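K.L.:
Once you've had a glance at the structure underneath, I'll fire off some questions.
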Amino acid sequence: QVQLVESGGGLVQAGDSLRLSCAASGHTSYAMGWFRQAPGKEREFVAGFSRSGSRTNYADSVKGRFTISRDDAKNTVYLQMNSLKPEDTALYYCAARRTGALTIGVVHRQQYEYDSWGQGTQVTVSS
């Protein structure tokens, strides 16, 4: 399993931006994803990368506001979050999935599809 460490969370006002980072130990030939869990709610998919890096996918609630990216030289995946809303308040998790050649171009949206998880970073958006 790969070890993941998230950072970049914080307390911001509605309309502000934040960039989350997820540093991965070892190589980055994994499909990567960001999930979030708000108090009293289930963890949900936010954004993801295929292992190939050529495909991304976003939850409808963040499309047009969030952007996932990666820097393979730094073994780091980012989540740029713009125009933040109070409903974006949650604990944000980074996840990684070891994939084979058959699914190299697939973006995985389900929690059970991921092998490794970070500890999470809190994002709080005030109105």
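Naming scheme: A, B, ... for chains in displayed order of the structure tokens; residues 1 onward per chain; ligands 1 onward as shown.
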Quick one: which segment 72-94 of chain A residues come within 6 Å of segment 116-124 of chain A, and what is the nearest atom pair for each with the distance in Å to one decimal, counting only C-alpha atoms, rows ordered by chain and ascending number, as a tab-separated table?

P.N.:
```
residue	atom	partner	partner_atom	distance
A:Thr89	CA	A:Thr124	CA	4.5
A:Ala90	CA	A:Val123	CA	5.5
A:Leu91	CA	A:Gln122	CA	4.4
A:Tyr92	CA	A:Gly120	CA	5.2
A:Tyr93	CA	A:Gly120	CA	4.4
A:Cys94	CA	A:Gly118	CA	5.4
```

K.L.:
DSSP on the backbone, then: every residue of chain A marked strand (DSSP E or B), written as a PyMOL selection string.

P.N.:
chain A and resi 4-7+10-13+18-24+30-37+44-49+56-58+66-71+76-81+90-98+116-117+121-126

K.L.:
Could you list, as a ChimeraX atom specification, every residue within 10 Å of Arg55 of chain A, counting only C-alpha atoms and ignoring same-chain residues fewer than 5 positions away?

P.N.:
/A:31,48-50,104-107

K.L.:
Could you pull out the helix (DSSP H, G or I) residues of chain A, going by DSSP on the backbone, and write them as a count of residues only?

P.N.:
12

K.L.:
Which of these residues is nearest to Tyr112 of chain A, using only C-alpha atoms: A:Tyr78, A:Tyr58, A:Phe35, A:Phe66?

P.N.:
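Under the stated criterion, the closest residue is A:Phe35.
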
K.L.:
Excluding Ser52 of chain A and any residue of its chain fewer than 5 positions from it, enumerate the residues within 12 Å of it, using only C-alpha atoms, and give them as an MDAnalysis selection string.

P.N.:
chainID A and resid 28:32 70 72 98:107

K.L.:
At a cut-off of 12 Å, using only C-alpha atoms, what residues contact Gly26 of chain A? Leave out same-chain residues fewer than 5 positions from it and give the result as a list of chain:residue names.

P.N.:
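Counting only C-alpha atoms, the residues come to A:Gln1, A:Val2, A:Gln3, A:Leu4, A:Asp72, A:Ala73, A:Lys74, A:Asn75, A:Thr76, A:Ala96.
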
K.L.:
Determine the nearest neighbour of Arg97 of chain A from the options A:Ser54, A:Glu6, A:Val46, A:Ala24, counting only C-alpha atoms.

P.N.:
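The answer is A:Ala24, which sits nearest to Arg97 of chain A.
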
K.L.:
Within 7 Å of Ser7 of chain A, counting only C-alpha atoms, which residues qualify if same-chain residues fewer than 6 places away don't, as a PyMOL selection string?

P.N.:
chain A and resi 20-22+121
